[in-house]
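Trainee: For reference, this is query31.cif, and it has mmCIF, C-alpha atoms and all ligand atoms.
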data_data
loop_
_atom_site.label_atom_id
_atom_site.label_comp_id
_atom_site.auth_asym_id
_atom_site.auth_seq_id
_atom_site.Cartn_x
_atom_site.Cartn_y
_atom_site.Cartn_z
CA MET A 30 -7.16 -13.19 19.95
CA THR A 31 -5.96 -12.89 16.36
CA PRO A 32 -2.30 -13.81 16.06
CA ALA A 33 -0.16 -10.82 15.11
CA LEU A 34 2.34 -10.89 12.26
CA ARG A 35 5.75 -9.65 13.29
CA VAL A 36 9.00 -9.07 11.50
CA ALA A 37 11.59 -11.02 13.45
CA ARG A 38 14.53 -10.01 11.33
CA LEU A 39 15.32 -7.75 8.41
CA VAL A 40 18.51 -7.56 6.40
CA VAL A 41 18.82 -5.01 3.60
CA ARG A 42 21.66 -4.31 1.18
CA GLY A 43 21.95 -1.69 -1.54
CA PHE A 44 18.46 -0.29 -1.12
CA ARG A 45 18.50 3.53 -1.51
CA ASN A 46 21.12 4.77 0.99
CA LEU A 47 20.96 1.60 3.13
CA ASP A 48 24.26 -0.09 2.34
CA ALA A 49 24.11 -2.96 4.77
CA VAL A 50 21.46 -2.89 7.46
CA SER A 51 20.44 -5.63 9.82
CA VAL A 52 17.58 -5.12 12.24
CA GLU A 53 16.14 -7.39 14.90
CA PRO A 54 12.99 -5.56 15.85
CA ASP A 55 11.08 -5.91 19.08
CA PRO A 56 7.90 -7.97 18.71
CA ARG A 57 5.90 -4.93 19.74
CA ALA A 58 7.11 -1.34 19.49
CA ASN A 59 10.13 -0.03 17.62
CA LEU A 60 11.23 3.57 17.31
CA PHE A 61 13.69 4.73 14.66
CA VAL A 62 15.13 8.16 15.38
CA GLY A 63 17.29 10.13 12.97
CA ALA A 64 17.78 13.51 11.37
CA ASN A 65 16.50 14.37 7.90
CA GLY A 66 17.92 12.38 5.04
CA GLN A 67 19.48 9.57 7.10
CA GLY A 68 17.37 6.67 5.80
CA LYS A 69 14.27 6.37 8.00
CA THR A 70 11.72 6.38 5.19
CA SER A 71 14.01 4.17 3.13
CA LEU A 72 14.00 1.57 5.90
CA LEU A 73 10.21 1.41 6.04
CA GLU A 74 10.05 1.51 2.26
CA ALA A 75 12.37 -1.52 2.17
CA VAL A 76 10.14 -3.46 4.58
CA ASP A 77 7.03 -2.60 2.61
CA PHE A 78 8.78 -3.30 -0.68
CA VAL A 79 9.59 -6.85 0.39
CA ALA A 80 5.95 -7.24 1.45
CA THR A 81 4.24 -5.71 -1.59
CA LEU A 82 6.95 -5.61 -4.27
CA ARG A 83 6.01 -1.98 -4.84
CA SER A 84 7.35 1.26 -3.43
CA PHE A 85 4.93 3.28 -1.33
CA ARG A 86 6.71 6.36 -2.66
CA GLY A 87 5.84 5.26 -6.17
CA ALA A 88 9.52 4.75 -6.98
CA THR A 89 10.77 2.55 -9.78
CA ARG A 90 13.37 -0.14 -9.15
CA SER A 91 16.00 2.11 -10.76
CA GLN A 92 15.28 4.75 -8.14
CA LEU A 93 15.44 2.22 -5.32
CA VAL A 94 18.76 0.55 -6.11
CA GLY A 95 21.52 2.30 -4.18
CA HIS A 96 23.61 4.72 -6.21
CA GLY A 97 26.68 2.96 -7.50
CA VAL A 98 25.32 -0.44 -6.46
CA ALA A 99 24.58 -3.18 -8.98
CA GLN A 100 21.87 -4.98 -7.08
CA ALA A 101 19.63 -4.51 -4.04
CA ALA A 102 18.84 -7.42 -1.75
CA ALA A 103 16.67 -8.04 1.28
CA ARG A 104 15.84 -10.88 3.61
CA MET A 105 12.91 -10.66 5.98
CA VAL A 106 11.63 -13.21 8.45
CA VAL A 107 7.97 -12.83 9.39
CA GLU A 108 6.40 -14.76 12.26
CA GLY A 109 2.78 -14.96 13.29
CA GLY A 110 0.84 -17.50 15.32
CA ASP A 111 2.55 -20.79 14.60
CA LEU A 112 3.87 -19.66 11.22
CA ALA A 113 7.25 -18.36 10.15
CA HIS A 114 8.18 -17.37 6.64
CA GLU A 115 11.38 -16.19 5.10
CA PHE A 116 11.14 -13.70 2.25
CA ARG A 117 14.12 -13.08 0.02
CA LEU A 118 14.31 -10.45 -2.64
CA THR A 119 16.96 -9.35 -5.08
CA PHE A 120 16.48 -6.79 -7.79
CA ASP A 121 18.26 -4.42 -10.07
CA ARG A 122 17.05 -1.92 -12.61
CA LYS A 123 15.80 -4.61 -14.97
CA THR A 124 15.00 -7.76 -13.03
CA ARG A 125 13.46 -8.85 -9.78
CA ASP A 126 13.48 -12.15 -7.97
CA ALA A 127 11.25 -12.71 -4.96
CA THR A 128 10.97 -15.95 -3.03
CA MET A 129 9.14 -17.14 0.04
CA ASP A 130 10.68 -20.02 1.95
CA GLY A 131 13.09 -20.58 -0.90
CA LYS A 132 10.49 -20.86 -3.65
CA ARG A 133 8.87 -18.47 -6.07
CA PRO A 134 5.29 -18.31 -4.82
CA GLU A 135 2.77 -20.18 -6.91
CA ARG A 136 -0.08 -17.89 -5.95
CA ALA A 137 0.11 -14.18 -5.29
CA VAL A 138 -2.15 -14.48 -2.25
CA HIS A 139 0.30 -16.79 -0.48
CA TYR A 140 3.14 -14.33 -0.75
CA TYR A 141 1.30 -11.07 -0.09
CA GLY A 142 -1.01 -12.62 2.49
CA ALA A 143 1.89 -13.85 4.60
CA ALA A 144 3.51 -10.40 4.63
CA ALA A 145 0.56 -8.18 5.45
CA CYS A 146 1.59 -4.78 6.73
CA VAL A 147 0.01 -1.36 6.72
CA VAL A 148 1.95 1.86 6.13
CA PHE A 149 1.13 5.41 7.03
CA HIS A 150 3.47 7.96 5.53
CA PRO A 151 3.52 11.69 4.74
CA GLN A 152 2.57 11.22 1.08
CA ASP A 153 -0.67 9.63 2.26
CA LEU A 154 -2.23 13.07 2.01
CA ASP A 155 -2.41 12.16 -1.66
CA LEU A 156 -4.85 9.41 -0.79
CA VAL A 157 -7.37 12.20 -0.36
CA ARG A 158 -6.01 14.79 -2.78
CA GLY A 159 -3.99 12.89 -5.34
CA SER A 160 -4.85 10.88 -8.41
CA PRO A 161 -7.30 7.95 -8.41
CA ASP A 162 -4.60 5.31 -8.89
CA LEU A 163 -3.45 5.86 -5.30
CA ARG A 164 -6.94 5.11 -4.00
CA ARG A 165 -7.27 2.08 -6.26
CA ARG A 166 -3.94 0.89 -4.94
CA LEU A 167 -5.20 1.13 -1.35
CA LEU A 168 -7.93 -1.34 -2.28
CA ASP A 169 -5.64 -3.58 -4.30
CA ARG A 170 -3.11 -3.75 -1.45
CA VAL A 171 -5.76 -5.41 0.68
CA LEU A 172 -7.35 -7.55 -2.00
CA VAL A 173 -4.13 -9.19 -3.24
CA ARG A 174 -3.66 -10.39 0.34
CA VAL A 175 -7.09 -11.77 1.05
CA VAL A 176 -8.66 -12.83 -2.26
CA ASP A 177 -7.16 -15.85 -3.96
CA GLY A 178 -6.69 -15.05 -7.65
CA TYR A 179 -6.98 -11.28 -7.28
CA GLY A 180 -3.31 -10.55 -7.99
CA GLU A 181 -3.48 -12.82 -11.01
CA ALA A 182 -6.69 -11.12 -12.20
CA LEU A 183 -5.02 -7.70 -11.94
CA ARG A 184 -2.09 -8.91 -13.97
CA SER A 185 -4.19 -10.59 -16.66
CA TYR A 186 -6.45 -7.55 -16.86
CA ALA A 187 -3.49 -5.18 -17.25
CA ARG A 188 -2.01 -7.32 -20.00
CA ALA A 189 -5.27 -7.49 -21.99
CA LEU A 190 -5.89 -3.78 -21.50
CA LYS A 191 -2.45 -2.90 -22.79
CA ALA A 192 -2.93 -5.02 -25.91
CA ARG A 193 -6.43 -3.63 -26.59
CA ASN A 194 -5.23 -0.03 -26.17
CA ALA A 195 -2.31 -0.65 -28.50
CA LEU A 196 -4.78 -1.75 -31.19
CA LEU A 197 -7.01 1.27 -30.54
CA ARG A 198 -4.03 3.57 -31.13
CA GLY A 199 -3.27 2.06 -34.53
CA ALA A 200 -3.60 4.06 -37.75
CA THR A 201 -6.14 1.53 -38.95
CA VAL A 202 -8.18 -0.54 -36.56
CA ASP A 203 -9.92 -3.86 -37.03
CA PRO A 204 -12.91 -3.73 -34.64
CA ARG A 205 -12.97 -7.53 -34.42
CA ALA A 206 -9.35 -7.63 -33.28
CA VAL A 207 -10.19 -5.11 -30.56
CA ALA A 208 -13.32 -7.03 -29.53
CA ALA A 209 -11.29 -10.21 -29.23
CA TYR A 210 -9.99 -8.84 -25.93
CA ASP A 211 -13.43 -8.03 -24.59
CA PRO A 212 -14.26 -11.42 -23.03
CA MET A 213 -11.01 -11.39 -21.07
CA LEU A 214 -11.42 -7.79 -19.96
CA ALA A 215 -15.02 -8.51 -18.97
CA ARG A 216 -14.10 -11.59 -16.99
CA PHE A 217 -11.20 -10.11 -15.02
CA GLY A 218 -12.51 -6.53 -14.98
CA SER A 219 -15.89 -7.47 -13.51
CA ALA A 220 -14.23 -9.66 -10.85
CA ILE A 221 -11.89 -6.80 -9.88
CA VAL A 222 -14.76 -4.31 -9.69
CA ARG A 223 -16.90 -6.68 -7.61
CA ALA A 224 -14.07 -7.26 -5.15
CA ARG A 225 -13.31 -3.54 -4.87
CA ILE A 226 -16.95 -2.60 -4.27
CA GLY A 227 -17.24 -5.23 -1.54
CA LEU A 228 -14.06 -4.04 0.11
CA THR A 229 -15.05 -0.36 -0.03
CA ASP A 230 -18.31 -1.22 1.72
CA GLU A 231 -16.32 -3.03 4.39
CA LEU A 232 -13.79 -0.22 4.82
CA LEU A 233 -16.46 2.42 5.27
CA PRO A 234 -17.62 1.66 8.85
CA ALA A 235 -14.06 0.91 9.95
CA ALA A 236 -12.83 4.23 8.54
CA ARG A 237 -15.68 6.09 10.25
CA ALA A 238 -14.93 4.48 13.58
CA ALA A 239 -11.22 5.24 13.27
CA ALA A 240 -11.93 8.84 12.29
CA ASP A 241 -14.24 9.26 15.28
CA ASP A 242 -11.61 7.74 17.48
CA ILE A 243 -8.95 10.25 16.57
CA ALA A 244 -11.52 12.97 17.20
CA LEU A 245 -12.75 14.58 14.09
CA SER A 246 -15.33 16.91 15.57
CA GLY A 247 -18.45 15.11 14.48
CA SER A 248 -17.80 15.37 10.74
CA GLU A 249 -18.58 12.24 8.88
CA VAL A 250 -16.23 10.53 6.46
CA SER A 251 -17.73 8.52 3.63
CA ILE A 252 -16.11 6.51 0.87
CA ALA A 253 -17.77 5.05 -2.21
CA TYR A 254 -16.38 3.13 -5.16
CA ARG A 255 -17.15 4.89 -8.42
CA THR A 256 -17.25 2.87 -11.60
CA LYS A 257 -18.85 2.77 -15.02
CA SER A 258 -18.29 -0.98 -15.23
CA PRO A 259 -21.09 -3.49 -14.70
CA THR A 260 -20.29 -6.15 -12.13
CA ASP A 261 -21.83 -8.86 -14.29
CA ALA A 262 -19.36 -10.17 -16.87
CA GLY A 263 -22.01 -10.44 -19.62
CA GLU A 264 -23.24 -6.90 -19.12
CA TYR A 265 -19.65 -5.70 -18.87
CA ARG A 266 -18.92 -7.17 -22.27
CA GLU A 267 -21.95 -5.44 -23.78
CA ALA A 268 -20.83 -2.16 -22.21
CA LEU A 269 -17.42 -2.56 -23.85
CA ALA A 270 -19.08 -3.18 -27.22
CA ARG A 271 -21.29 -0.09 -26.80
CA ALA A 272 -18.27 2.02 -25.89
CA TYR A 273 -16.31 0.98 -28.96
CA ASP A 274 -16.80 4.22 -30.94
CA THR A 275 -15.82 6.33 -27.94
CA ASP A 276 -12.81 4.10 -27.27
CA ARG A 277 -11.70 4.36 -30.89
CA ALA A 278 -12.10 8.14 -30.88
CA ARG A 279 -10.15 8.46 -27.63
CA THR A 280 -7.71 5.68 -28.63
CA LEU A 281 -8.06 3.95 -25.27
CA THR A 282 -10.42 1.71 -23.35
CA THR A 283 -12.69 4.04 -21.40
CA ILE A 284 -14.51 1.49 -19.23
CA GLY A 285 -12.91 -0.68 -16.59
CA PRO A 286 -11.33 -0.84 -13.13
CA HIS A 287 -8.33 1.13 -14.43
CA ALA A 288 -10.64 4.14 -14.83
CA ASP A 289 -12.38 3.85 -11.46
CA ASP A 290 -12.01 5.92 -8.32
CA VAL A 291 -12.90 5.93 -4.66
CA VAL A 292 -14.86 9.07 -3.85
CA ILE A 293 -14.03 10.36 -0.38
CA LYS A 294 -16.48 12.75 1.21
CA TRP A 295 -16.28 14.82 4.33
CA SER A 296 -19.65 15.76 5.75
CA GLY A 297 -21.26 15.28 2.36
CA ARG A 298 -18.74 17.24 0.29
CA LEU A 299 -15.67 16.10 -1.61
CA ALA A 300 -12.94 15.82 0.99
CA ARG A 301 -10.22 17.09 -1.32
CA ASP A 302 -12.20 20.34 -1.72
CA VAL A 303 -13.16 21.00 1.88
CA ALA A 304 -10.94 19.15 4.36
CA SER A 305 -8.17 21.16 6.02
CA GLN A 306 -4.60 19.95 6.00
CA GLY A 307 -4.93 18.35 9.44
CA GLN A 308 -8.33 16.88 8.58
CA THR A 309 -6.93 15.48 5.36
CA ARG A 310 -4.18 13.76 7.35
CA ALA A 311 -6.69 12.37 9.78
CA ILE A 312 -8.88 11.02 6.94
CA ALA A 313 -5.85 9.36 5.36
CA LEU A 314 -4.91 7.85 8.69
CA ALA A 315 -8.46 6.63 9.25
CA LEU A 316 -8.32 4.89 5.87
CA ARG A 317 -5.08 3.17 6.85
CA LEU A 318 -6.48 2.06 10.19
CA ALA A 319 -9.53 0.73 8.34
CA GLU A 320 -7.16 -1.12 6.01
CA LEU A 321 -5.56 -2.73 9.04
CA GLU A 322 -8.86 -3.70 10.61
CA VAL A 323 -10.27 -5.24 7.45
CA LEU A 324 -7.04 -7.11 6.75
CA GLU A 325 -7.15 -8.53 10.25
CA ARG A 326 -10.78 -9.56 9.93
CA ARG A 327 -10.44 -11.09 6.50
CA SER A 328 -7.11 -12.84 6.99
CA GLY A 329 -7.38 -13.79 10.65
CA ARG A 330 -3.97 -12.25 11.32
CA LEU A 331 -3.11 -8.81 12.60
CA PRO A 332 -0.80 -6.93 10.18
CA TRP A 333 2.16 -4.98 11.45
CA LEU A 334 2.14 -1.21 11.15
CA LEU A 335 4.75 1.13 9.68
CA LEU A 336 4.33 4.79 10.66
CA ASP A 337 6.66 7.17 8.89
CA ASP A 338 7.41 10.56 10.37
CA VAL A 339 4.36 10.49 12.51
CA SER A 340 5.21 13.53 14.59
CA SER A 341 5.13 15.75 11.53
CA GLU A 342 1.81 14.30 10.46
CA LEU A 343 -0.57 15.15 13.24
CA ASP A 344 -0.92 17.64 16.05
CA ARG A 345 0.04 16.55 19.54
CA GLU A 346 -3.41 15.58 20.71
CA ARG A 347 -4.20 13.53 17.62
CA THR A 348 -0.79 11.90 17.83
CA ALA A 349 -1.48 10.94 21.43
CA ARG A 350 -4.90 9.54 20.49
CA LEU A 351 -3.42 7.62 17.62
CA PHE A 352 -0.82 6.04 19.88
CA ALA A 353 -3.41 5.22 22.49
CA ARG A 354 -5.47 3.43 19.83
CA ILE A 355 -2.45 1.61 18.50
CA ALA A 356 -1.22 0.64 21.95
CA ALA A 357 -4.55 -1.10 22.51
CA MET A 358 -3.76 -3.41 19.57
CA GLU A 359 -1.15 -6.11 19.62
CA ALA A 360 0.35 -5.01 16.29
CA GLN A 361 4.07 -4.71 15.83
CA LEU A 362 4.96 -1.08 15.27
CA TRP A 363 7.76 0.55 13.33
CA VAL A 364 7.70 4.26 14.01
CA THR A 365 10.17 6.73 12.54
CA THR A 366 10.72 10.26 13.74
CA THR A 367 13.19 13.14 13.70
CA ASP A 368 11.95 14.11 17.14
CA PRO A 369 13.38 12.12 20.07
CA ALA A 370 10.49 13.44 22.22
CA VAL A 371 8.16 11.01 20.43
CA SER A 372 9.69 8.26 22.54
CA ALA A 373 7.57 9.52 25.43
CA LEU A 374 4.57 8.20 23.48
CA LEU A 375 6.21 4.78 23.15
CA PRO A 376 7.98 4.31 26.47
CA ASP A 377 8.56 0.59 26.01
CA ALA A 378 9.75 0.78 22.44
CA LYS A 379 13.07 -0.64 21.32
CA ARG A 380 15.05 2.34 20.10
CA PHE A 381 17.21 2.53 17.00
CA VAL A 382 19.32 5.35 15.66
CA VAL A 383 19.28 5.87 11.90
CA HIS A 384 22.37 7.67 10.67
CA ALA A 385 23.87 7.94 7.17
CA GLY A 386 22.22 4.76 5.97
CA THR A 387 23.01 2.71 9.08
CA VAL A 388 20.54 1.49 11.68
CA ASN A 389 21.77 0.62 15.18
CA ALA A 390 19.94 -0.45 18.29
CA GLN A 391 20.55 1.86 21.21
N1 LIG B 1 18.84 5.16 -4.84
C1 LIG B 1 19.47 5.82 -3.85
N2 LIG B 1 20.75 5.54 -3.54
C2 LIG B 1 21.40 6.20 -2.55
N3 LIG B 1 20.84 7.14 -1.80
C3 LIG B 1 19.55 7.47 -2.07
C4 LIG B 1 18.81 6.82 -3.09
N4 LIG B 1 17.56 7.34 -3.10
C5 LIG B 1 17.54 8.26 -2.13
N5 LIG B 1 18.73 8.34 -1.50
C6 LIG B 1 19.13 9.18 -0.36
O1 LIG B 1 18.88 8.45 0.81
C7 LIG B 1 18.84 9.34 1.92
C8 LIG B 1 17.78 8.90 2.89
O2 LIG B 1 16.49 9.20 2.41
P1 LIG B 1 15.20 8.97 3.30
O3 LIG B 1 14.06 9.49 2.53
O4 LIG B 1 15.16 7.57 3.75
O5 LIG B 1 15.53 9.94 4.53
P2 LIG B 1 14.73 10.15 5.90
O6 LIG B 1 15.60 9.69 7.01
O7 LIG B 1 13.38 9.56 5.79
O8 LIG B 1 14.65 11.74 5.93
P3 LIG B 1 13.45 12.76 6.33
O9 LIG B 1 13.50 12.91 7.82
O10 LIG B 1 13.87 14.01 5.63
O11 LIG B 1 12.18 12.19 5.82
C9 LIG B 1 18.63 10.72 1.31
O12 LIG B 1 19.82 11.45 1.45
C10 LIG B 1 18.36 10.46 -0.14
O13 LIG B 1 18.80 11.47 -0.97
MG MG B 2 11.51 10.41 5.67
#
Before anything else, please render the file you have as structure tokens.
Mentor:
Amino acid sequence: MTPALRVARLVVRGFRNLDAVSVEPDPRANLFVGANGQGKTSLLEAVDFVATLRSFRGATRSQLVGHGVAQAAARMVVEGGDLAHEFRLTFDRKTRDATMDGKRPERAVHYYGAAACVVFHPQDLDLVRGSPDLRRRLLDRVLVRVVDGYGEALRSYARALKARNALLRGATVDPRAVAAYDPMLARFGSAIVRARIGLTDELLPAARAAADDIALSGSEVSIAYRTKSPTDAGEYREALARAYDTDRARTLTTIGPHADDVVIKWSGRLARDVASQGQTRAIALALRLAELEVLERRSGRLPWLLLDDVSSELDRERTARLFARIAAMEAQLWVTTTDPAVSALLPDAKRFVVHAGTVNAQ
């Protein structure tokens, strides 16, 4: 069986309303109960922030640092199989310092790969209905963890894109100066697009199976990566050259992974147009479960799972099916809820009470 990654310890200071929190979670199921506004989402956000260095609520570092606090800090120990890693993070509004086992990671894949978790949270409805960047981020979350060089490619691509767009916005433009960025964009852009297409193809059957599993009345989910970018670097470069006049007119680079989307369909129609609220939730959840499955397959380690406010997300039957599916896996669970009755679904869970920014085992 695939070894499961588990958080053995988490210490957080000055992150949102969490002043000083220390949690020793159970290797399997953990339930965090608290009323609205006590810090449940913030706790999961902190865990995921250490793991991805991004907020799943799309928050900036300024929004994450506790009010009146100079600096946020976290320490997280992750175990899995015969491995154990210690992640340490400090950040303020301007700077961020992240280390793994006392060192700044040399390669992105080492850091992100060792802290693979999957989150399902209320704003995940936006995976189906929101802007394309959320869907691209779903893919990138997986790829930075399983493809060596992907995180670096994203960074290099973003840097070149920013510089090229700055030139395109200029009052006068030297086409050769713009084209000087094309080889770099083509190299990194085509690699990103290739990786994303491959991953989307892999997520598709897993998402379908998960959707079936949580009973979606025979409707079929499909996902497809939509891009104007060639996957061959040479052709990509030619496409950039052909698009130059359009790019100049629109003062931005129109072709590339930054402009791509994942098209989600529901029985052949665009899901955001036809899926009901509950169906939209179930599609989003199926995508997250697919993320987990593909991460496990590609990395050989089972990620842990963070489920925020799950009782408000699904009806009772779907919630029960979800928990049955999850219980069959060995993944560590962090489940938050306002509803103490949810503990019936996780009878063996370690229980914590979240209150006014504190987290205490019961
Ligand atoms: N940077 C910050 N510093 C201090 N407090 C903050 C910061 N950002 C948000 N908060 C506050 O932290 C509290 C906890 O928010 P959080 O979203 O974690 O609550 P929650 O327990 O998930 O509530 P709900 O059940 O409503 O989802 C809220 O009162 C929020 O206003
Ligand atoms: Mg919340």
Trainee: Counting only C-alpha atoms and all ligand atoms, which residues in chain A sit no more than 10 Å from ligand MG 2 (chain B)? For each one, give the nearest pair of atoms and the distance in Å, sorted by chain then residue number, as a tab-separated table.
Mentor:
residue	atom	partner	partner_atom	distance
A:Gly63	CA	B:MG2	MG	9.3
A:Ala64	CA	B:MG2	MG	9.0
A:Asn65	CA	B:MG2	MG	6.7
A:Gly66	CA	B:MG2	MG	6.7
A:Gln67	CA	B:MG2	MG	8.1
A:Gly68	CA	B:MG2	MG	7.0
A:Lys69	CA	B:MG2	MG	5.4
A:Thr70	CA	B:MG2	MG	4.1
A:Ser71	CA	B:MG2	MG	7.2
A:Leu72	CA	B:MG2	MG	9.2
A:Leu73	CA	B:MG2	MG	9.1
A:Glu74	CA	B:MG2	MG	9.6
A:His150	CA	B:MG2	MG	8.4
A:Pro151	CA	B:MG2	MG	8.1
A:Asp337	CA	B:MG2	MG	6.7
A:Asp338	CA	B:MG2	MG	6.2
A:Val339	CA	B:MG2	MG	9.9
A:Thr365	CA	B:MG2	MG	7.9
A:Thr366	CA	B:MG2	MG	8.1
A:Thr367	CA	B:MG2	MG	8.6
Trainee: Rank A:Ala220, A:Ala272, A:Val388, A:Ala37 by their smallest atom-to-atom distance to ligand LIG 1 (chain B), using all atoms listed in the file, and report the top residue only.
Mentor: A:Val388
Trainee: Would you please work out which residue, of A:Thr260, A:Gln306, A:Thr387, A:Thr282, is nearest to ligand LIG 1 (chain B) when using all atoms listed in the file?
Mentor: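 Smallest distance to ligand LIG 1 (chain B) is found for A:Thr387.
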Trainee: Find the spatial neighbours of A:Asp276, counting all atoms listed in the file, within a cut-off of 12 Å - ignore same-chain residues fewer than 5 positions away - and output them as an MDAnalysis selection string.
Mentor: chainID A and resid 190 193:198 202 204 207:208 268:271 281:285
Trainee: Please determine, counting all atoms listed in the file, which residue among A:Glu181, A:Asp121, A:Asp126, A:Glu322 has the shortest atom-to-atom distance to ligand LIG 1 (chain B).
Mentor: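 Using all atoms listed in the file, the shortest distance to ligand LIG 1 (chain B) belongs to A:Asp121.
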Trainee: With only C-alpha atoms and all ligand atoms as the atoms that count, which of A:Ala88, A:Ala103, A:Leu93, A:Leu334 lies nearest to ligand LIG 1 (chain B)?
Mentor: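 Closest residue, counting only C-alpha atoms and all ligand atoms: A:Leu93.
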Trainee: Determine, using all atoms listed in the file, which residues of stretch 166-223 of chain A have any atom at most 12 Å from an atom of stretch 140-146 of chain A, and tabulate each with its shortest atom pair and distance in Å to one decimal place, rows ordered by chain and then rising number, as a tab-separated table.
Mentor:
residue	atom	partner	partner_atom	distance
A:Asp169	CA	A:Tyr141	CA	11.0
A:Arg170	CA	A:Tyr141	CA	8.7
A:Val171	CA	A:Ala145	CA	8.4
A:Leu172	CA	A:Gly142	CA	9.3
A:Val173	CA	A:Tyr141	CA	6.6
A:Arg174	CA	A:Gly142	CA	4.1
A:Val175	CA	A:Gly142	CA	6.3
A:Val176	CA	A:Gly142	CA	9.0
A:Asp177	CA	A:Gly142	CA	9.5
A:Gly178	CA	A:Tyr141	CA	11.7
A:Tyr179	CA	A:Tyr141	CA	11.0
A:Gly180	CA	A:Tyr141	CA	9.2
Trainee: Generate a file of the selected residues that holds C-alpha atoms, formatted as a short mmCIF file (atom, residue, chain, number, x, y, z; two decimals), keeping the file's coordinate frame.
Mentor:
data_model
loop_
_atom_site.label_atom_id
_atom_site.label_comp_id
_atom_site.auth_asym_id
_atom_site.auth_seq_id
_atom_site.Cartn_x
_atom_site.Cartn_y
_atom_site.Cartn_z
CA ASP A 169 -5.64 -3.58 -4.30
CA ARG A 170 -3.11 -3.75 -1.45
CA VAL A 171 -5.76 -5.41 0.68
CA LEU A 172 -7.35 -7.55 -2.00
CA VAL A 173 -4.13 -9.19 -3.24
CA ARG A 174 -3.66 -10.39 0.34
CA VAL A 175 -7.09 -11.77 1.05
CA VAL A 176 -8.66 -12.83 -2.26
CA ASP A 177 -7.16 -15.85 -3.96
CA GLY A 178 -6.69 -15.05 -7.65
CA TYR A 179 -6.98 -11.28 -7.28
CA GLY A 180 -3.31 -10.55 -7.99
#
Trainee: Around stretch 201-210 of chain A, fit a box with edges along x, y and z, padding it by 8 Å on each side, then list its centre and edge lengths in Å to one decimal as AutoDock Vina command-line options.
Mentor:
--center_x -9.7 --center_y -4.3 --center_z -32.4 --size_x 23.2 --size_y 27.7 --size_z 29.0
Trainee: Select, from A:Gly87, A:Pro161, A:Pro369, A:Gly386, the residue with the minimum atom-to-atom distance to ligand LIG 1 (chain B), counting all atoms listed in the file.
Mentor: A:Gly386
Trainee: If you count only C-alpha atoms, which residues fall within 12 Å of A:Ala49, apart from same-chain ones fewer than 2 positions away, as number ranges by chain?
Mentor: A: 39-47, 51-52, 68, 72, 95, 98, 101-104, 385-389
Trainee: Given the selection you just returned, output its residues as a file containing C-alpha atoms, formatted as a PDB file, keeping the file's coordinate frame.
Mentor:
ATOM      1  CA  LEU A  39      15.320  -7.750   8.410  1.00  0.00           C
ATOM      2  CA  VAL A  40      18.510  -7.560   6.400  1.00  0.00           C
ATOM      3  CA  VAL A  41      18.820  -5.010   3.600  1.00  0.00           C
ATOM      4  CA  ARG A  42      21.660  -4.310   1.180  1.00  0.00           C
ATOM      5  CA  GLY A  43      21.950  -1.690  -1.540  1.00  0.00           C
ATOM      6  CA  PHE A  44      18.460  -0.290  -1.120  1.00  0.00           C
ATOM      7  CA  ARG A  45      18.500   3.530  -1.510  1.00  0.00           C
ATOM      8  CA  ASN A  46      21.120   4.770   0.990  1.00  0.00           C
ATOM      9  CA  LEU A  47      20.960   1.600   3.130  1.00  0.00           C
ATOM     10  CA  SER A  51      20.440  -5.630   9.820  1.00  0.00           C
ATOM     11  CA  VAL A  52      17.580  -5.120  12.240  1.00  0.00           C
ATOM     12  CA  GLY A  68      17.370   6.670   5.800  1.00  0.00           C
ATOM     13  CA  LEU A  72      14.000   1.570   5.900  1.00  0.00           C
ATOM     14  CA  GLY A  95      21.520   2.300  -4.180  1.00  0.00           C
ATOM     15  CA  VAL A  98      25.320  -0.440  -6.460  1.00  0.00           C
ATOM     16  CA  ALA A 101      19.630  -4.510  -4.040  1.00  0.00           C
ATOM     17  CA  ALA A 102      18.840  -7.420  -1.750  1.00  0.00           C
ATOM     18  CA  ALA A 103      16.670  -8.040   1.280  1.00  0.00           C
ATOM     19  CA  ARG A 104      15.840 -10.880   3.610  1.00  0.00           C
ATOM     20  CA  ALA A 385      23.870   7.940   7.170  1.00  0.00           C
ATOM     21  CA  GLY A 386      22.220   4.760   5.970  1.00  0.00           C
ATOM     22  CA  THR A 387      23.010   2.710   9.080  1.00  0.00           C
ATOM     23  CA  VAL A 388      20.540   1.490  11.680  1.00  0.00           C
ATOM     24  CA  ASN A 389      21.770   0.620  15.180  1.00  0.00           C
TER      25      ASN A 389
END
Trainee: Neighbouring residues of A:Val79 were defined as those with any atom within 9 Å, considering all atoms listed in the file; residues of the same chain fewer than 2 positions away were excluded. Please report them as a PDB file with C-alpha atoms, in the coordinates of the input.
Mentor:
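This is the output file result12.pdb:
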ATOM      1  CA  GLU A  74      10.050   1.510   2.260  1.00  0.00           C
ATOM      2  CA  ALA A  75      12.370  -1.520   2.170  1.00  0.00           C
ATOM      3  CA  VAL A  76      10.140  -3.460   4.580  1.00  0.00           C
ATOM      4  CA  ASP A  77       7.030  -2.600   2.610  1.00  0.00           C
ATOM      5  CA  THR A  81       4.240  -5.710  -1.590  1.00  0.00           C
ATOM      6  CA  LEU A  82       6.950  -5.610  -4.270  1.00  0.00           C
ATOM      7  CA  ARG A  83       6.010  -1.980  -4.840  1.00  0.00           C
ATOM      8  CA  ALA A 103      16.670  -8.040   1.280  1.00  0.00           C
ATOM      9  CA  ARG A 104      15.840 -10.880   3.610  1.00  0.00           C
ATOM     10  CA  MET A 105      12.910 -10.660   5.980  1.00  0.00           C
ATOM     11  CA  PHE A 116      11.140 -13.700   2.250  1.00  0.00           C
ATOM     12  CA  ARG A 117      14.120 -13.080   0.020  1.00  0.00           C
ATOM     13  CA  LEU A 118      14.310 -10.450  -2.640  1.00  0.00           C
ATOM     14  CA  ALA A 127      11.250 -12.710  -4.960  1.00  0.00           C
ATOM     15  CA  ALA A 144       3.510 -10.400   4.630  1.00  0.00           C
TER      16      ALA A 144
END
